[in-house]
Each structure stands twice: as structure tokens, then as C-alpha cells.
Amino acid sequence: MSQGTIWLDLTILVNWKGHLTGIQRVEYNLAKRYAELPNVKFCVFHKESNKLAEFDFAHVDHKFQALQQQTTPPIGEEVSPATVARPLYRRALSKARRVAGQLVSPEAKAFLRGQLHRSDAKETPVVFKPGDIFFITSGDWSGKEFANLIIKEREKTGLKVYLMVHDMLPAILPGYFVPGMDEQFVNYMKRMFAHCDGVMTTSQSSKKDILQFVKDNHLPKIKVGMFRLGDDFVKTEPIKPAIDVTKDKFILYVSTIEGRKNHMALYYAAREAQRRGYVDFPKVVLVGKRGWLSNDFAYIVEKDPVLSKKFIFTRPSDQELAWLYKNCLVTVFPSFYEGWGLMITESLAFGKMCLSSDQSSMPEIGGDLVDYFSPSDPVSMMEKIMHYVKNPRDLQAKEAKIKKDYKITTWDDSFQQVQAAIKGMQKD
């Protein structure tokens with residue numbers, strides 16, 4: 001790509017608390033492969049000091065593994081290199097003691113500790129040089145500070161800046177966000193699009209949205225590279241979660257619970273099934289944390305004297321999620337808008353039929369292996385669910401086609417596409 005250093009910003013991933021969502025998985029899987037290259041460094045933006053600081057990927061890797069196992073530090077506890085390095089230091093110290101056969105001296109302890117903490121993210125400022133590349137996989141669009149800093153560095157050093165944009169949702173459907181977020185997002189994108197060397201995204205739908213945004217806001221033309229997200233997120237031994245479900249007797253929706261994800265359509269579908277007397281309508285397992293604009297949905301479901309027994313809210317480990325994918329009847333994805341549609345590809349990677357919304361990127365991602373419905377038509381979704389409940393041979397045929405025709409994209413594949421796209425934008 002370049003003779004200079006490739007810098008990856010991992011601000012969101014470094015500061016993430018709680019269960020993983022798709023964006024953190026994307027950042028981690030790209031960063032993990034970049035970390036194997038000799039000319040790559042990582043950094044995080046500290047808003048309070050308005051500085052970028054180096055960050056050792058080993059700390060990010062440790063934290064990601066902990067999040068996968070649901071051993072996240074308590075909310076409010078800062079995740080620093082010292083926090084995540086502590087168990088590494090203890091293991092190293094224990095091994096040193098066994099080898100030496102005696103207690104390690106204070107000087108040796110200090111040496112080991114220094115080696116493990118040598119990349120303290122708060123003390124090592126990023127210094128860009130001519131020829132460097134800055135790939136923003138996270139960033140910070142909550143204010144002007146991050147964009148101003150990058151624009152200044154680009155003007156000063158000639159830094160090449162490439163921006164990862166997962167979707168343009170806050171600009172397209174601002175009503176699905178809390179007040180002020182849409183304005184912050186739009187202002188950030190205006191500034192960054194006008195001062196970057198290219199944008200990376202994951203679907204033709206998102207590319208179209210980006211180019212339309214540029215046109216509508218009278219910004220200079222920009223280069224847009226594309227890559228397909230990997231499907232191999234979950235590589236683990238399945239473990240049945242401690243919830244009341246039976247193999248092939250439940251449907252699965254994996255997504256943060258928020259307005260635009262349209263979980264309410266599933267409730268309306270279940271109500272219509274109840275009205276028609278479909279007692280065999282499956283249980284609905286909802287995997288994901290509760291996000292903004294979700295309280296009404298959760299309250300309505302939990303207070304329903306009949307249907308509350310049909311809905312299960314859960315936040316499983318990756319091992320438990322693998323079991324849910326492997327043992328569900330079908331997956332459902334009624335979202336109003338997606339930049340990609342991660343659950344569709346994960347479902348197909350597990351060989352499972354997905355019933356999906358027909359909006360934005362979703363038909364592009366699922367192709368002819370997925371059944372579609374309008375997200376504004378929960379009755380259509382209900383009828384598709386009941387069709388496969390009552391016609392298991394049709395479902396078996398669909399799963400056979402998925403097994404035959406679906407080609408899994410690995411994260412190694414995705415990484416190669418990212419590298420090729422950035423290299424192509426540099427040449428254009």
C-alpha cells in the first residue's frame with residue numbers, strides 16, 4: 001500500500017463496554033489481520049485531551065476475547081493497557097518463578113512489568129509522517145474535535161486518510177436516533193468527506209447513499225471502495241443457553257433492540273398468528289442489548305398476558321449464540337434499513353433460512369437464498385414463518401440450496417478486499 005506506517009484508529013473498540021455488536025466485530029477482525037503486518041500501528045482518540053495515542057493491539061485482543069466470554073470489566077471501569085495486561089504479567093511472572101526456582105527480584109518484576117506496559121496508550125502520542133496512511137475504522141463523530149485533528153494532520157503531513165462508513169442511517173432516517181445525533185453525524189461526514197482520500201463501505205446500497213449525500217451537500221467527488229464482510233465470526237463449540245427453547249421450535253432475531261430494527265413487527269406478527277388460532281407459532285428469541293427507542297416495545301411484550309410467554313430476551317455468549325443459530329427453525333430480520341445485514345450472512349453461514357426485510361442492502365446481501373417481505377407488513381412475515389412451520393419439506397429444500405450455493409466469505413477474504421480497495425483508490 002505505502003512505504004510509510006499504516007495507522008488504524010480503534011477508538012470505539014477500545015472504549016466499548018458490554019456485549020459485542022457487529023461494528024466491534026468488524027473492527028476487531030480487520031485489526032487482527034492488520035496486526036500481522038510489519039508496518040502497522042494502532043491508536044485511540046482521547047477526547048478529553050484532544051489527542052491520538054498509540055495502543056498495543058495485544059490489549060485490544062485481550063479485551064475482545066473477554067467480551068466474547070462475557071467477562072467485560074464492570075460498567076464504569078476504565079479499560080486501560082494496565083487493566084488488560086495484569087493477567088499477562090501474572091502469567092509471565094509465574095513462569096519466570098518456575099524457571100528460576102525462586103522468587104523473582106523486585107528489579108526483575110519491574111522489568112517484566114515495563115515490557116508488558118511499554119505501549120501505554122495515554123503516554124505515547126501519535127506522530128504522523130509523510131507517506132503514512134490513517135484508516136479510520138472507528139473515529140469519533142460526537143463533536144468537532146476528532147475531525148479537526150485529522151484535517152490538521154492531513155494538511156501538515158500529507159497524511160492519506162481513509163474512512164470506514166458502515167451506513168448513512170443518521171442522515172437518511174434521523175428519527176431512529178436520539179435528538180442531536182443526526183446533526184453530529186451529518187456535520188462529521190461533511191467535514192471528513194471533504195478532507196479524506198477515500199471511503200470504505202460494505203454494500204452497493206451504502207455506496208449509493210454515500211454518493212447521494214455528497215451530491216446533496218455539494219461536496220467534492222470522493223472515491224468509494226467496497227469490501228464484503230466476513231461470515232466466520234462464530235468459530236466455537238455450541239453451548240445451549242439457559243433458556244426454555246427446543247430445537248427447531250423457535251425463530252431467532254439477532255440485533256440490538258432499537259426502533260429501526262423493527263422488533264415491533266414480530267410482536268404484531270405473533271398477535272395476528274394468535275388471532276388466527278395458530279397455536280404452533282414458534283417462540284421468538286431476541287438476541288441483543290436494549291438500545292434507544294426500545295422501551296415501548298419491551299414494555300408491551302412483557303405486559304402481554306399471552307404473548308409474553310412467546311418472547312425471550314437474551315444476551316448469550318458466542319458459544320450460546322452458535323447453538324441458537326444451529327438449532328433455530330429460521331432466522332428473521334425485519335429491519336427498516338441496514339448498511340450491510342450481518343445477521344443474514346451469519347444465518348446463511350450456519351445453513352439457516354432467513355426471512356428478511358426487502359429494504360436497503362438486504363436483498364443485495366441475501367440474493368435468492370433468502371425470502372423477503374416488506375418491513376411494514378408484519379402479516380406477510382407471519383405467513384412466511386407459518387409456511388415453514390407447516391411445510392418442513394420446503395424448509396429442508398431451502399436449507400439444501402443454501403448448503404449447495406452459499407459461499408462463505410472469510411475474514412481473510414475481507415482483509416484482502418480492503419487492502420485491494422485502498423490500493424486501488426491510491427492509484428486512481
# chains A, B, ... in the order shown; residues from 1 in each chain; ligands from 1
$ select_by_dssp --residues "segment 157-315 of chain A" --states "alpha helix (DSSP H)" --output "PyMOL selection string"
chain A and resi 157+169-172+181-194+204-216+264-275+295-303
$ select_by_dssp --residues "segment 157-279 of chain A" --states "strand (DSSP E)" --output "count of residues only"
17
$ residues_around --residues "segment 131-145 of chain A" --least-positions-apart "4" --cutoff "6 Å" --atoms "only C-alpha atoms" --output "MDAnalysis selection string"
chainID A and resid 4:12 159:164 184:185 188
$ closest_atom_pairs --of "segment 191-299 of chain A" --to "segment 413-418 of chain A" --cutoff "7 Å" --atoms "only C-alpha atoms" --output "Markdown table"
| residue | atom | partner | partner_atom | distance |
| --- | --- | --- | --- | --- |
| A:Phe227 | CA | A:Gln417 | CA | 5.4 |
| A:Arg228 | CA | A:Ser414 | CA | 5.8 |
| A:Leu229 | CA | A:Ser414 | CA | 5.8 |
| A:Gly230 | CA | A:Ser414 | CA | 5.8 |
$ residues_around --residues "Asp231 of chain A" --least-positions-apart "4" --cutoff "8 Å" --atoms "only C-alpha atoms" --output "number ranges by chain"
A: 342, 345-346, 349, 408-411
$ decode --residues "segment 388-407 of chain A" --atoms "N, CA, C and O atoms" --output "PDB file, in the first residue's frame"
ATOM      1  N   TYR A 388     -43.261 -22.236   6.756  1.00  0.00           N
ATOM      2  CA  TYR A 388     -42.173 -23.184   7.038  1.00  0.00           C
ATOM      3  C   TYR A 388     -42.458 -24.029   8.278  1.00  0.00           C
ATOM      4  O   TYR A 388     -41.934 -25.139   8.390  1.00  0.00           O
ATOM      5  N   VAL A 389     -43.296 -23.522   9.179  1.00  0.00           N
ATOM      6  CA  VAL A 389     -43.736 -24.360  10.300  1.00  0.00           C
ATOM      7  C   VAL A 389     -44.558 -25.533   9.774  1.00  0.00           C
ATOM      8  O   VAL A 389     -44.390 -26.689  10.199  1.00  0.00           O
ATOM      9  N   LYS A 390     -45.435 -25.248   8.831  1.00  0.00           N
ATOM     10  CA  LYS A 390     -46.373 -26.259   8.333  1.00  0.00           C
ATOM     11  C   LYS A 390     -45.834 -27.066   7.154  1.00  0.00           C
ATOM     12  O   LYS A 390     -46.407 -28.093   6.786  1.00  0.00           O
ATOM     13  N   ASN A 391     -44.733 -26.616   6.554  1.00  0.00           N
ATOM     14  CA  ASN A 391     -44.176 -27.301   5.377  1.00  0.00           C
ATOM     15  C   ASN A 391     -42.681 -27.545   5.571  1.00  0.00           C
ATOM     16  O   ASN A 391     -41.842 -26.898   4.914  1.00  0.00           O
ATOM     17  N   PRO A 392     -42.329 -28.457   6.442  1.00  0.00           N
ATOM     18  CA  PRO A 392     -40.908 -28.706   6.738  1.00  0.00           C
ATOM     19  C   PRO A 392     -40.104 -29.157   5.522  1.00  0.00           C
ATOM     20  O   PRO A 392     -38.903 -28.898   5.458  1.00  0.00           O
ATOM     21  N   ARG A 393     -40.753 -29.812   4.558  1.00  0.00           N
ATOM     22  CA  ARG A 393     -40.004 -30.235   3.358  1.00  0.00           C
ATOM     23  C   ARG A 393     -39.542 -29.029   2.544  1.00  0.00           C
ATOM     24  O   ARG A 393     -38.458 -29.045   1.960  1.00  0.00           O
ATOM     25  N   ASP A 394     -40.376 -27.998   2.484  1.00  0.00           N
ATOM     26  CA  ASP A 394     -39.962 -26.777   1.785  1.00  0.00           C
ATOM     27  C   ASP A 394     -38.752 -26.147   2.474  1.00  0.00           C
ATOM     28  O   ASP A 394     -37.831 -25.644   1.817  1.00  0.00           O
ATOM     29  N   LEU A 395     -38.771 -26.172   3.803  1.00  0.00           N
ATOM     30  CA  LEU A 395     -37.639 -25.627   4.549  1.00  0.00           C
ATOM     31  C   LEU A 395     -36.381 -26.454   4.315  1.00  0.00           C
ATOM     32  O   LEU A 395     -35.290 -25.908   4.121  1.00  0.00           O
ATOM     33  N   GLN A 396     -36.523 -27.758   4.281  1.00  0.00           N
ATOM     34  CA  GLN A 396     -35.377 -28.630   4.018  1.00  0.00           C
ATOM     35  C   GLN A 396     -34.790 -28.356   2.640  1.00  0.00           C
ATOM     36  O   GLN A 396     -33.569 -28.355   2.460  1.00  0.00           O
ATOM     37  N   ALA A 397     -35.654 -28.101   1.655  1.00  0.00           N
ATOM     38  CA  ALA A 397     -35.186 -27.800   0.297  1.00  0.00           C
ATOM     39  C   ALA A 397     -34.423 -26.476   0.281  1.00  0.00           C
ATOM     40  O   ALA A 397     -33.388 -26.349  -0.393  1.00  0.00           O
ATOM     41  N   LYS A 398     -34.946 -25.496   1.017  1.00  0.00           N
ATOM     42  CA  LYS A 398     -34.261 -24.210   1.088  1.00  0.00           C
ATOM     43  C   LYS A 398     -32.884 -24.355   1.734  1.00  0.00           C
ATOM     44  O   LYS A 398     -31.892 -23.787   1.270  1.00  0.00           O
ATOM     45  N   GLU A 399     -32.817 -25.113   2.815  1.00  0.00           N
ATOM     46  CA  GLU A 399     -31.540 -25.306   3.504  1.00  0.00           C
ATOM     47  C   GLU A 399     -30.556 -26.076   2.641  1.00  0.00           C
ATOM     48  O   GLU A 399     -29.348 -25.807   2.677  1.00  0.00           O
ATOM     49  N   ALA A 400     -31.058 -27.000   1.845  1.00  0.00           N
ATOM     50  CA  ALA A 400     -30.181 -27.741   0.931  1.00  0.00           C
ATOM     51  C   ALA A 400     -29.594 -26.796  -0.121  1.00  0.00           C
ATOM     52  O   ALA A 400     -28.420 -26.914  -0.491  1.00  0.00           O
ATOM     53  N   LYS A 401     -30.419 -25.866  -0.612  1.00  0.00           N
ATOM     54  CA  LYS A 401     -29.931 -24.896  -1.601  1.00  0.00           C
ATOM     55  C   LYS A 401     -28.879 -23.978  -0.988  1.00  0.00           C
ATOM     56  O   LYS A 401     -27.867 -23.657  -1.625  1.00  0.00           O
ATOM     57  N   ILE A 402     -29.121 -23.552   0.262  1.00  0.00           N
ATOM     58  CA  ILE A 402     -28.136 -22.711   0.953  1.00  0.00           C
ATOM     59  C   ILE A 402     -26.812 -23.455   1.081  1.00  0.00           C
ATOM     60  O   ILE A 402     -25.739 -22.913   0.796  1.00  0.00           O
ATOM     61  N   LYS A 403     -26.884 -24.703   1.510  1.00  0.00           N
ATOM     62  CA  LYS A 403     -25.675 -25.503   1.686  1.00  0.00           C
ATOM     63  C   LYS A 403     -24.927 -25.667   0.370  1.00  0.00           C
ATOM     64  O   LYS A 403     -23.690 -25.648   0.323  1.00  0.00           O
ATOM     65  N   LYS A 404     -25.665 -25.794  -0.718  1.00  0.00           N
ATOM     66  CA  LYS A 404     -25.062 -26.005  -2.031  1.00  0.00           C
ATOM     67  C   LYS A 404     -24.502 -24.720  -2.631  1.00  0.00           C
ATOM     68  O   LYS A 404     -23.404 -24.720  -3.207  1.00  0.00           O
ATOM     69  N   ASP A 405     -25.227 -23.608  -2.481  1.00  0.00           N
ATOM     70  CA  ASP A 405     -24.903 -22.406  -3.251  1.00  0.00           C
ATOM     71  C   ASP A 405     -24.209 -21.300  -2.460  1.00  0.00           C
ATOM     72  O   ASP A 405     -23.564 -20.432  -3.055  1.00  0.00           O
ATOM     73  N   TYR A 406     -24.346 -21.297  -1.134  1.00  0.00           N
ATOM     74  CA  TYR A 406     -23.779 -20.169  -0.402  1.00  0.00           C
ATOM     75  C   TYR A 406     -22.290 -20.359  -0.176  1.00  0.00           C
ATOM     76  O   TYR A 406     -21.857 -21.382   0.355  1.00  0.00           O
ATOM     77  N   LYS A 407     -21.530 -19.347  -0.553  1.00  0.00           N
ATOM     78  CA  LYS A 407     -20.085 -19.364  -0.378  1.00  0.00           C
ATOM     79  C   LYS A 407     -19.716 -18.435   0.779  1.00  0.00           C
ATOM     80  O   LYS A 407     -19.955 -17.233   0.725  1.00  0.00           O
TER      81      LYS A 407
END
